[in-house]
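Chemist: Just so it is clear, I am handing over entry.tsv, which has TSV, C-alpha atoms.
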chain	number	residue	atom	x	y	z
T	8	MET	CA	-1.35	0.43	27.31
T	9	ALA	CA	-0.36	-3.16	26.70
T	10	GLU	CA	-3.35	-5.10	25.53
T	11	ASP	CA	-3.70	-8.80	26.17
T	12	VAL	CA	-3.82	-11.13	23.24
T	13	PRO	CA	-5.96	-14.14	24.10
T	14	ASP	CA	-4.09	-17.43	24.10
T	15	GLY	CA	-6.95	-19.48	22.70
T	16	PRO	CA	-7.92	-19.62	19.06
T	17	PRO	CA	-9.44	-16.33	17.88
T	18	PRO	CA	-13.08	-16.27	16.81
T	19	GLY	CA	-13.52	-17.81	13.41
T	20	SER	CA	-10.35	-19.87	13.58
T	21	PRO	CA	-10.51	-23.26	11.92
T	22	SER	CA	-11.61	-26.30	13.90
T	23	GLY	CA	-9.22	-29.15	14.66
T	24	LEU	CA	-9.97	-30.96	11.40
T	25	ALA	CA	-9.55	-27.85	9.26
T	26	ALA	CA	-6.27	-27.08	11.03
T	27	THR	CA	-5.00	-30.60	10.31
T	28	VAL	CA	-5.95	-30.28	6.65
T	29	LEU	CA	-4.27	-26.88	6.39
T	30	ARG	CA	-1.08	-28.19	8.02
T	31	ALA	CA	-1.02	-31.19	5.69
T	32	GLY	CA	-1.55	-28.83	2.76
T	33	THR	CA	1.35	-26.67	3.92
T	34	ARG	CA	3.68	-29.71	4.11
T	35	THR	CA	2.55	-30.92	0.68
T	36	ILE	CA	3.31	-27.52	-0.84
T	37	GLN	CA	6.76	-27.44	0.76
T	38	LEU	CA	7.50	-30.92	-0.65
T	39	LEU	CA	6.28	-29.80	-4.09
T	40	LEU	CA	8.63	-26.80	-3.86
T	41	VAL	CA	11.53	-29.15	-3.11
T	42	GLY	CA	10.49	-31.21	-6.15
T	43	LEU	CA	10.38	-28.04	-8.29
T	44	GLY	CA	13.84	-27.13	-7.04
T	45	VAL	CA	15.22	-30.54	-8.06
T	46	TYR	CA	13.52	-30.21	-11.46
T	47	THR	CA	14.95	-26.74	-12.21
T	48	LEU	CA	18.39	-27.99	-11.13
T	49	LEU	CA	18.16	-31.02	-13.43
T	50	VAL	CA	17.22	-28.89	-16.44
T	51	GLY	CA	20.00	-26.47	-15.49
T	52	ASP	CA	17.80	-23.38	-15.12
T	53	VAL	CA	19.83	-21.46	-12.54
T	54	GLY	CA	17.56	-18.38	-12.45
T	55	ARG	CA	14.41	-20.37	-11.75
T	56	PHE	CA	16.27	-22.64	-9.31
T	57	ALA	CA	17.21	-19.54	-7.31
T	58	ASN	CA	13.62	-18.34	-7.55
T	59	VAL	CA	12.24	-21.66	-6.24
T	60	GLY	CA	14.87	-21.65	-3.48
T	61	VAL	CA	13.81	-18.22	-2.24
T	62	MET	CA	10.15	-19.26	-2.36
T	63	LEU	CA	10.89	-22.47	-0.40
T	64	GLY	CA	12.71	-20.35	2.17
T	65	LEU	CA	9.68	-18.07	2.50
T	66	SER	CA	7.34	-21.02	2.96
T	67	LEU	CA	9.52	-22.22	5.87
T	68	VAL	CA	9.37	-18.88	7.73
T	69	PRO	CA	6.39	-19.92	9.94
T	70	ASP	CA	8.23	-23.11	10.90
T	71	ALA	CA	11.35	-21.11	11.71
T	72	LEU	CA	9.27	-18.75	13.89
T	73	ARG	CA	7.74	-21.73	15.68
T	74	TYR	CA	11.13	-23.31	16.26
T	75	ARG	CA	13.14	-20.21	17.12
T	76	TYR	CA	10.62	-18.02	18.93
T	77	ALA	CA	7.97	-20.55	20.00
T	78	LEU	CA	5.44	-18.59	17.95
T	79	ARG	CA	2.22	-20.30	17.00
T	80	PRO	CA	1.08	-18.95	13.64
T	81	GLN	CA	-2.48	-19.82	12.71
T	82	PRO	CA	-2.64	-22.86	10.39
T	83	LEU	CA	-4.34	-20.68	7.79
T	84	VAL	CA	-1.48	-18.17	7.94
T	85	GLY	CA	1.06	-20.98	7.65
T	86	PHE	CA	-0.78	-22.30	4.63
T	87	LEU	CA	-0.95	-18.86	2.96
T	88	VAL	CA	2.76	-18.26	3.58
T	89	ALA	CA	3.46	-21.52	1.71
T	90	ALA	CA	0.78	-21.18	-0.99
T	91	ALA	CA	1.64	-17.65	-2.18
T	92	PRO	CA	5.34	-18.36	-2.89
T	93	PHE	CA	4.37	-21.73	-4.40
T	94	LEU	CA	2.05	-20.02	-6.88
T	95	HIS	CA	4.85	-17.60	-7.74
T	96	ALA	CA	7.41	-20.40	-8.21
T	97	VAL	CA	5.02	-22.34	-10.46
T	98	GLY	CA	3.90	-19.21	-12.32
T	99	ALA	CA	7.47	-18.31	-13.23
T	100	LEU	CA	7.81	-21.71	-14.98
T	101	GLY	CA	5.19	-20.74	-17.55
T	102	PRO	CA	1.63	-20.34	-16.28
T	103	TYR	CA	2.18	-16.58	-15.73
T	104	ARG	CA	2.34	-16.37	-19.50
T	105	THR	CA	-0.05	-19.12	-20.54
T	106	VAL	CA	-2.80	-19.22	-17.92
T	107	PRO	CA	-4.96	-16.10	-17.83
T	108	ALA	CA	-5.46	-14.64	-14.36
T	109	PHE	CA	-2.75	-16.85	-12.81
T	110	ASP	CA	-0.66	-13.78	-12.10
T	111	GLN	CA	-3.62	-11.96	-10.57
T	112	VAL	CA	-4.53	-14.84	-8.23
T	113	ALA	CA	-0.90	-15.00	-7.08
T	114	HIS	CA	-0.93	-11.24	-6.47
T	115	ALA	CA	-4.20	-11.31	-4.51
T	116	LEU	CA	-2.88	-14.15	-2.35
T	117	SER	CA	0.43	-12.39	-1.67
T	118	ALA	CA	-1.45	-9.18	-0.89
T	119	THR	CA	-3.37	-10.94	1.91
T	120	LEU	CA	-0.03	-11.79	3.53
T	121	VAL	CA	1.34	-8.27	3.12
T	122	ALA	CA	-1.85	-6.86	4.62
T	123	GLY	CA	-1.61	-9.33	7.50
T	124	PHE	CA	1.97	-8.28	8.13
T	125	GLY	CA	0.92	-4.62	7.93
T	126	TYR	CA	-1.77	-5.31	10.53
T	127	VAL	CA	0.68	-7.00	12.92
T	128	LEU	CA	3.09	-4.10	12.41
T	129	VAL	CA	0.41	-1.50	13.16
T	130	ARG	CA	-0.75	-3.34	16.29
T	131	VAL	CA	2.75	-3.88	17.65
T	132	VAL	CA	3.76	-0.25	17.01
T	133	GLU	CA	0.60	1.12	18.59
T	134	THR	CA	0.95	-0.98	21.76
T	135	GLU	CA	4.74	-0.81	22.13
T	136	SER	CA	5.62	2.73	21.10
T	137	ASP	CA	4.78	5.69	23.30
T	138	ALA	CA	5.40	8.20	20.53
T	139	VAL	CA	3.05	6.56	18.01
T	140	GLN	CA	-0.65	6.25	18.72
T	141	ILE	CA	-3.05	4.81	16.21
T	142	PRO	CA	-6.75	4.81	17.09
T	143	PRO	CA	-8.61	1.56	16.25
T	144	THR	CA	-10.79	3.39	13.71
T	145	LEU	CA	-7.71	4.20	11.64
T	146	ARG	CA	-6.15	0.72	11.77
T	147	PHE	CA	-8.11	-0.24	8.66
T	148	ALA	CA	-6.82	2.78	6.71
T	149	PHE	CA	-3.23	2.17	7.83
T	150	VAL	CA	-3.33	-1.48	6.76
T	151	LEU	CA	-4.75	-0.44	3.37
T	152	ILE	CA	-2.11	2.26	2.84
T	153	PHE	CA	0.71	-0.05	3.94
T	154	ALA	CA	-0.31	-2.94	1.67
T	155	THR	CA	-1.28	-0.79	-1.34
T	156	SER	CA	2.04	1.06	-1.32
T	157	PHE	CA	3.88	-2.24	-0.84
T	158	GLY	CA	2.06	-3.65	-3.88
T	159	LEU	CA	3.19	-0.70	-5.99
T	160	ALA	CA	6.75	-1.00	-4.66
T	161	TRP	CA	6.71	-4.66	-5.72
T	162	GLU	CA	5.48	-3.74	-9.19
T	163	ILE	CA	8.29	-1.18	-9.49
T	164	LEU	CA	10.73	-3.91	-8.40
T	165	GLU	CA	9.40	-6.17	-11.17
T	166	PHE	CA	9.83	-3.31	-13.64
T	167	GLY	CA	13.37	-2.75	-12.34
T	168	THR	CA	14.41	-6.38	-12.79
T	169	GLY	CA	12.95	-6.23	-16.30
T	170	LEU	CA	15.04	-3.14	-17.10
T	171	LEU	CA	18.11	-4.76	-15.59
T	172	ALA	CA	17.54	-7.91	-17.66
T	173	SER	CA	17.19	-5.89	-20.85
T	174	VAL	CA	20.51	-4.21	-20.08
T	175	THR	CA	22.37	-7.40	-19.22
T	176	GLY	CA	20.54	-9.44	-21.86
T	177	GLY	CA	19.30	-12.01	-19.36
T	178	ASP	CA	15.88	-13.33	-18.44
T	179	PRO	CA	13.93	-11.14	-15.99
T	180	LEU	CA	13.21	-13.01	-12.76
T	181	LEU	CA	10.13	-10.97	-11.95
T	182	ALA	CA	8.53	-10.28	-15.28
T	183	GLN	CA	5.67	-8.00	-16.23
T	184	TYR	CA	3.45	-9.28	-18.99
T	185	GLY	CA	1.91	-6.20	-20.48
T	186	LEU	CA	-0.10	-3.12	-19.67
T	187	SER	CA	-3.33	-4.81	-18.55
T	188	ASP	CA	-1.32	-7.24	-16.47
T	189	VAL	CA	0.27	-4.44	-14.45
T	190	ALA	CA	-3.03	-2.64	-13.90
T	191	LEU	CA	-4.75	-5.90	-12.93
T	192	ASP	CA	-1.86	-6.76	-10.57
T	193	LEU	CA	-2.44	-3.48	-8.76
T	194	LEU	CA	-6.20	-4.06	-8.71
T	195	PHE	CA	-5.92	-7.58	-7.31
T	196	ASN	CA	-3.36	-6.44	-4.73
T	197	SER	CA	-6.00	-4.02	-3.46
T	198	LEU	CA	-8.71	-6.71	-3.47
T	199	GLY	CA	-6.53	-9.14	-1.46
T	200	THR	CA	-5.67	-6.34	0.96
T	201	LEU	CA	-9.29	-5.31	1.36
T	202	VAL	CA	-10.37	-8.88	2.22
T	203	VAL	CA	-7.81	-9.10	5.05
T	204	ALA	CA	-8.38	-5.56	6.32
T	205	LEU	CA	-12.15	-6.16	6.45
T	206	TRP	CA	-12.44	-9.74	7.67
T	207	GLY	CA	-9.09	-11.41	8.18
T	208	THR	CA	-7.03	-9.55	10.78
T	209	GLN	CA	-7.86	-11.94	13.65
T	210	TYR	CA	-5.89	-14.71	11.95
T	211	PHE	CA	-2.73	-12.70	12.42
T	212	ASP	CA	-3.32	-11.87	16.09
T	213	SER	CA	-1.33	-14.85	17.37
T	214	LEU	CA	1.81	-13.27	15.90
T	215	ARG	CA	1.40	-10.01	17.82
T	216	ARG	CA	2.42	-10.69	21.38
T	217	PRO	CA	5.59	-12.69	20.73
T	218	LEU	CA	6.76	-10.00	18.29
T	219	ALA	CA	6.07	-7.30	20.88
T	220	ARG	CA	7.92	-9.38	23.47
T	221	GLY	CA	10.84	-9.66	21.08
T	222	LEU	CA	10.96	-5.87	20.86
T	223	ASP	CA	10.98	-5.64	24.65
T	224	ASP	CA	13.99	-7.96	24.81
T	225	ASP	CA	15.89	-5.66	22.52
T	226	ARG	CA	15.60	-2.74	24.86
C	14	MET	CA	6.64	17.08	19.40
C	15	ALA	CA	6.40	17.88	15.74
C	16	ARG	CA	3.34	19.77	14.63
C	17	VAL	CA	2.13	17.77	11.66
C	18	ASP	CA	-1.26	19.43	11.99
C	19	THR	CA	0.01	22.94	11.16
C	20	LEU	CA	-0.98	22.11	7.58
C	21	VAL	CA	-4.55	22.56	8.80
C	22	THR	CA	-5.12	26.09	10.05
C	23	GLY	CA	-7.85	28.29	11.46
C	24	ARG	CA	-6.55	31.49	9.90
C	25	LEU	CA	-9.17	33.51	8.01
C	26	SER	CA	-6.85	34.65	5.23
C	27	ASN	CA	-5.97	31.03	4.55
C	28	ALA	CA	-9.65	30.05	4.63
C	29	THR	CA	-10.55	32.71	2.05
C	30	VAL	CA	-8.01	31.43	-0.46
C	31	ALA	CA	-8.83	27.80	0.30
C	32	TRP	CA	-12.57	28.27	-0.26
C	33	THR	CA	-11.88	30.18	-3.47
C	34	LEU	CA	-9.87	27.18	-4.65
C	35	VAL	CA	-12.75	24.86	-3.69
C	36	ALA	CA	-15.11	27.05	-5.75
C	37	VAL	CA	-12.75	26.78	-8.72
C	38	LEU	CA	-12.60	23.02	-8.21
C	39	VAL	CA	-16.39	22.81	-8.22
C	40	ALA	CA	-16.42	24.74	-11.51
C	41	SER	CA	-13.74	22.38	-12.85
C	42	THR	CA	-15.81	19.35	-11.84
C	43	VAL	CA	-18.87	20.70	-13.65
C	44	TRP	CA	-16.73	21.59	-16.69
C	45	SER	CA	-15.23	18.08	-16.79
C	46	LEU	CA	-18.69	16.50	-16.58
C	47	LEU	CA	-20.04	18.71	-19.38
C	48	ALA	CA	-16.93	18.08	-21.48
C	49	GLY	CA	-17.55	14.34	-21.16
C	50	ASP	CA	-14.51	13.73	-18.96
C	51	PRO	CA	-15.94	11.80	-15.97
C	52	LEU	CA	-12.48	10.72	-14.83
C	53	TRP	CA	-11.30	14.26	-14.19
C	54	ALA	CA	-14.64	15.16	-12.62
C	55	LEU	CA	-13.93	12.30	-10.20
C	56	PHE	CA	-10.42	13.62	-9.57
C	57	SER	CA	-11.64	17.18	-8.85
C	58	ALA	CA	-14.38	15.81	-6.61
C	59	ALA	CA	-11.81	13.78	-4.66
C	60	VAL	CA	-9.66	16.90	-4.12
C	61	ILE	CA	-12.76	18.82	-2.97
C	62	ALA	CA	-13.64	16.02	-0.54
C	63	ILE	CA	-10.15	16.10	1.01
C	64	ALA	CA	-10.22	19.93	1.11
C	65	VAL	CA	-13.51	20.22	3.03
C	66	VAL	CA	-12.79	17.50	5.63
C	67	PRO	CA	-11.31	19.97	8.18
C	68	ALA	CA	-14.24	22.43	7.98
C	69	VAL	CA	-16.80	19.62	8.21
C	70	THR	CA	-15.01	17.82	11.06
C	71	ALA	CA	-14.50	21.01	13.05
C	72	THR	CA	-17.95	22.35	12.00
C	73	ASP	CA	-16.17	25.64	11.41
C	74	PRO	CA	-15.70	26.98	7.85
C	75	SER	CA	-12.60	28.93	8.90
C	76	VAL	CA	-10.70	25.70	9.58
C	77	THR	CA	-9.10	24.74	6.27
C	78	VAL	CA	-6.06	23.03	4.83
C	79	SER	CA	-3.01	25.11	4.04
C	80	TRP	CA	-3.83	26.80	0.72
C	81	PRO	CA	-0.46	26.39	-1.07
C	82	ILE	CA	-0.67	22.61	-0.64
C	83	LEU	CA	-4.32	22.65	-1.73
C	84	LEU	CA	-3.34	24.70	-4.80
C	85	LEU	CA	-0.64	22.16	-5.63
C	86	SER	CA	-3.15	19.29	-5.45
C	87	ALA	CA	-5.77	21.25	-7.42
C	88	LEU	CA	-3.46	22.47	-10.23
C	89	PRO	CA	-4.09	19.65	-12.75
C	90	ALA	CA	-7.85	20.00	-12.35
C	91	ILE	CA	-7.58	23.78	-12.79
C	92	ALA	CA	-5.12	23.64	-15.68
C	93	ARG	CA	-7.06	21.11	-17.74
C	94	PRO	CA	-10.05	23.31	-18.60
C	95	ALA	CA	-7.53	25.98	-19.61
C	96	GLY	CA	-6.11	23.49	-22.09
C	97	ILE	CA	-2.81	23.17	-20.28
C	98	PHE	CA	-1.77	19.78	-19.10
C	99	VAL	CA	1.74	19.03	-18.13
C	100	LYS	CA	2.61	15.82	-16.38
C	101	PRO	CA	4.63	17.30	-13.48
C	102	LEU	CA	1.40	18.95	-12.28
C	103	GLY	CA	-0.12	15.50	-11.85
C	104	TYR	CA	2.83	14.18	-9.85
C	105	GLY	CA	2.90	17.24	-7.59
C	106	SER	CA	-0.83	16.91	-7.09
C	107	VAL	CA	-0.71	13.27	-6.02
C	108	ALA	CA	2.08	13.97	-3.51
C	109	ALA	CA	0.21	17.03	-2.17
C	110	LEU	CA	-2.90	14.90	-1.67
C	111	GLY	CA	-0.81	12.35	0.27
C	112	LEU	CA	0.48	15.19	2.44
C	113	LEU	CA	-3.02	16.57	3.11
C	114	VAL	CA	-4.41	13.16	4.06
C	115	VAL	CA	-1.61	12.61	6.60
C	116	ALA	CA	-2.01	16.16	8.01
C	117	GLU	CA	-5.75	15.60	8.44
C	118	ILE	CA	-5.23	12.20	10.09
C	119	ASP	CA	-2.86	13.89	12.53
C	120	ARG	CA	-5.19	16.81	13.21
C	121	PHE	CA	-8.56	15.13	13.48
C	122	SER	CA	-7.90	11.71	14.91
C	123	ALA	CA	-6.32	10.57	18.14
C	124	ALA	CA	-3.36	9.38	16.06
C	125	GLU	CA	0.02	10.68	17.14
C	126	MET	CA	3.36	10.06	15.52
C	127	PRO	CA	6.87	11.48	15.37
C	128	GLY	CA	7.83	13.49	12.29
C	129	TRP	CA	9.72	10.72	10.53
C	130	VAL	CA	6.77	8.32	10.86
C	131	ALA	CA	4.51	10.99	9.37
C	132	ALA	CA	7.01	11.44	6.53
C	133	VAL	CA	7.05	7.70	5.79
C	134	LEU	CA	3.26	7.75	5.90
C	135	VAL	CA	3.29	10.60	3.34
C	136	VAL	CA	5.39	8.45	0.99
C	137	MET	CA	3.12	5.41	1.43
C	138	THR	CA	-0.06	7.47	1.05
C	139	THR	CA	1.28	9.11	-2.11
C	140	MET	CA	2.12	5.70	-3.56
C	141	SER	CA	-1.34	4.41	-2.63
C	142	VAL	CA	-3.00	7.40	-4.30
C	143	ALA	CA	-0.89	6.90	-7.46
C	144	SER	CA	-1.67	3.16	-7.56
C	145	THR	CA	-5.39	3.66	-6.99
C	146	TRP	CA	-5.55	6.41	-9.62
C	147	ALA	CA	-3.83	4.11	-12.15
C	148	VAL	CA	-6.35	1.34	-11.42
C	149	VAL	CA	-9.29	3.76	-11.71
C	150	ARG	CA	-7.99	5.01	-15.06
C	151	TYR	CA	-7.53	1.42	-16.26
C	152	LEU	CA	-11.05	0.39	-15.24
C	153	ALA	CA	-12.52	3.51	-16.85
C	154	ASN	CA	-10.60	2.68	-20.02
C	155	VAL	CA	-12.07	-0.84	-20.07
C	156	ALA	CA	-15.59	0.29	-19.15
C	157	VAL	CA	-16.11	3.48	-21.15
C	158	GLY	CA	-12.99	3.76	-23.28
C	159	THR	CA	-11.35	6.79	-21.64
C	160	ALA	CA	-7.67	7.37	-22.36
C	161	PHE	CA	-5.09	5.14	-20.74
C	162	PHE	CA	-1.41	4.45	-21.20
C	163	THR	CA	-0.47	2.68	-24.40
C	164	SER	CA	2.56	0.80	-23.10
C	165	THR	CA	3.70	-0.93	-19.93
C	166	GLU	CA	6.82	1.23	-19.87
C	167	ALA	CA	4.78	4.45	-19.98
C	168	LEU	CA	2.59	3.31	-17.07
C	169	MET	CA	5.54	2.09	-15.01
C	170	TRP	CA	7.61	5.25	-15.50
C	171	ASP	CA	4.57	7.27	-14.51
C	172	LEU	CA	4.24	5.25	-11.30
C	173	VAL	CA	7.99	5.44	-10.64
C	174	VAL	CA	8.02	9.25	-11.00
C	175	ALA	CA	4.86	9.57	-8.86
C	176	SER	CA	6.45	7.44	-6.12
C	177	THR	CA	9.71	9.38	-6.33
C	178	THR	CA	7.77	12.63	-5.98
C	179	GLY	CA	6.18	11.09	-2.88
C	180	VAL	CA	9.62	10.36	-1.43
C	181	VAL	CA	10.72	13.94	-2.13
C	182	ALA	CA	7.50	15.27	-0.56
C	183	GLY	CA	8.07	13.08	2.51
C	184	ALA	CA	11.67	14.28	2.87
C	185	VAL	CA	10.72	17.96	2.44
C	186	PHE	CA	7.87	17.47	4.91
C	187	GLU	CA	10.23	16.00	7.51
C	188	ARG	CA	12.70	18.87	7.13
C	189	TRP	CA	9.87	21.38	7.38
C	190	LEU	CA	8.50	19.74	10.54
C	191	ARG	CA	11.96	20.00	12.13
C	192	GLY	CA	12.03	23.67	11.27
C	193	GLU	CA	8.61	24.14	12.88
C	194	GLU	CA	9.83	22.32	15.95
C	195	ALA	CA	12.88	24.54	16.25
C	196	VAL	CA	10.82	27.76	16.18
What's the structure tokens form of this structure?

Modeler:
Amino acid sequence: MAEDVPDGPPPGSPSGLAATVLRAGTRTIQLLLVGLGVYTLLVGDVGRFANVGVMLGLSLVPDALRYRYALRPQPLVGFLVAAAPFLHAVGALGPYRTVPAFDQVAHALSATLVAGFGYVLVRVVETESDAVQIPPTLRFAFVLIFATSFGLAWEILEFGTGLLASVTGGDPLLAQYGLSDVALDLLFNSLGTLVVALWGTQYFDSLRRPLARGLDDDR
Amino acid sequence: MARVDTLVTGRLSNATVAWTLVAVLVASTVWSLLAGDPLWALFSAAVIAIAVVPAVTATDPSVTVSWPILLLSALPAIARPAGIFVKPLGYGSVAALGLLVVAEIDRFSAAEMPGWVAAVLVVMTTMSVASTWAVVRYLANVAVGTAFFTSTEALMWDLVVASTTGVVAGAVFERWLRGEEAV
């Protein structure tokens, strides 16, 4: 029951101008991440340098997909994949502590990506696997459950690095900043997820078919 | 093919116990409301909603969820009015709710999945329930001043134990499905 993914831009995709702006924004963010990396190196902050490095790597994933697998991620998706890690890299330098709601915005933005990935995963599994069948009416619920549980797993990871840091006496890479912060993180994860599950899944459609094709090649 | 949906049955004996539990849950909801505990009224109501889905969907009151799992998910709501509240009840309840949701999805939708996928889904659903419940409690604390955790560590350990219980529930579920398959 292979379903065709249209080649053209999905409904609601940005016009040529918007796409150009989004691509320029993506490049700007990647350059800023490089600048942040140089800065953390100059001040000798190894932990944050590693953090910025990982985030720069994440922001390059869409480019890698385009180069390696001839995928064409939507410009908006490319921008989000750069913007979410960028916010995290900047936040870890201080704003997480000093700017109210910075953490929550970063979480909501990341959650949209996780939900988008969950959506692609659900669609690929439902079209490619004979053993798994997911009716369209349940897609929404599956994306919600996937992204919500991922958000909690992330929060537990943050807690874990905090515990580890308190044992080793270092600085936690993924810090939690108090009780309200954790609860609000979880809340904003759900809000970001809900936005994608309700209105945003079509932006991730262009990633479906090549991924499914990749699975076919593995067989 | 694993029978995930055997957690929803049409047996009368099961239905009798299940409906008795629903009646107790209704009483618990009313008690919580009268005792000024809207949060637990909400919790009981959520368990009731999940418990009656099979009967409503099948338009047949004899179709109900497996009563031991329903009892597990209802225990905190039943124990509270009796003045007993121990944390493990809450963890067991959240995992049981995750299990019931997955069993109902399997039974009443066109969804089909192998046992291990259902088990993973149980873990993810349990974690989602735990996360959502934490957010609801936080919002209620901000809005009307109901009790909430007093430290980040307390909240996080609660979520860690709830998630771990979900993993255990998923693993037990998978083993049980294999047993069903072998019969």

Chemist: Need the shell around Val21 of chain C: protein/DNA/RNA residues with any atom at most 12 Å away, counting only C-alpha atoms. Skip same-chain ones fewer than 4 positions apart. Format as a PyMOL selection string?

Modeler: chain C and resi 16-17+25+27-28+31+63-68+70-71+75-83+112-121

Chemist: Nearest to Gly23 of chain C among C:Thr72, C:Ser141, C:Ser122, C:Ser86, with distances taken over only C-alpha atoms: which residue is it?

Modeler: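 Of the candidates, the smallest distance to Gly23 of chain C is held by C:Thr72.
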
Chemist: Just to confirm, what's the straight-line distance from atom CA of Ser117 of chain T to atom CA of Ala91 of chain T in Å (one decimal)?

Modeler: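 If I compute the distance from atom CA of Ser117 of chain T to atom CA of Ala91 of chain T, I get 5.4 Å.
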
Chemist: Would you compute the distance between atom CA of Val139 of chain T and atom CA of Gly128 of chain C? Give it in Å to one decimal.

Modeler: 10.2 Å

Chemist: Please provide as a VMD selection string all residues within 12 Å of segment 42-49 of chain C, with the sequence filter that same-chain residues fewer than 2 positions apart are discarded (counting all atoms listed in the file).

Modeler: chain C and resid 35 to 40 51 to 62 87 89 to 96 157 to 159

Chemist: Counting all atoms listed in the file, which residues of chain T sit at most 9 Å from some atom of chain C, and what is each one's closest atom pair with its distance in Å to one decimal, listed by chain and rising residue number, as a tab-separated table?

Modeler:
residue	atom	partner	partner_atom	distance
T:Ala138	CA	C:Met126	CA	5.7
T:Val139	CA	C:Met126	CA	4.3
T:Gln140	CA	C:Glu125	CA	4.8
T:Ile141	CA	C:Ala124	CA	4.6
T:Pro142	CA	C:Ala124	CA	5.8
T:Thr144	CA	C:Ser122	CA	8.9
T:Leu145	CA	C:Ala124	CA	8.1
T:Phe149	CA	C:Leu134	CA	8.8
T:Leu151	CA	C:Ser141	CA	8.4
T:Ile152	CA	C:Thr138	CA	5.9
T:Phe153	CA	C:Met137	CA	6.5
T:Ala154	CA	C:Ser141	CA	8.6
T:Thr155	CA	C:Ser141	CA	5.4
T:Ser156	CA	C:Ser141	CA	4.9
T:Phe157	CA	C:Met137	CA	8.0
T:Gly158	CA	C:Ser144	CA	8.6
T:Leu159	CA	C:Ser144	CA	6.4
T:Ala160	CA	C:Met140	CA	8.2
T:Glu162	CA	C:Met169	CA	8.2
T:Ile163	CA	C:Val173	CA	6.7
T:Phe166	CA	C:Met169	CA	7.0
T:Gln183	CA	C:Thr165	CA	8.2
T:Tyr184	CA	C:Thr165	CA	8.4
T:Gly185	CA	C:Thr165	CA	5.6
T:Leu186	CA	C:Thr165	CA	4.4
T:Ser187	CA	C:Tyr151	CA	7.9
T:Asp188	CA	C:Thr165	CA	8.8
T:Val189	CA	C:Thr165	CA	7.4
T:Ala190	CA	C:Val148	CA	5.7
T:Leu191	CA	C:Val148	CA	7.6
T:Leu193	CA	C:Val148	CA	6.8
T:Leu194	CA	C:Val148	CA	6.0
T:Ser197	CA	C:Thr145	CA	8.5

Chemist: Figure out the distance between atom CA of Pro92 of chain T and atom CA of Val61 of chain T, please, to one decimal in Å.

Modeler: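 Computing the Euclidean distance for atom CA of Val61 of chain T and atom CA of Pro92 of chain T yields 8.5 Å.
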
Chemist: Using all atoms listed in the file, which residue out of C:Val181, C:Leu190, C:Ala156, C:Leu20 lies closest to Gly105 of chain C?

Modeler: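 The answer is C:Val181, which sits nearest to Gly105 of chain C.
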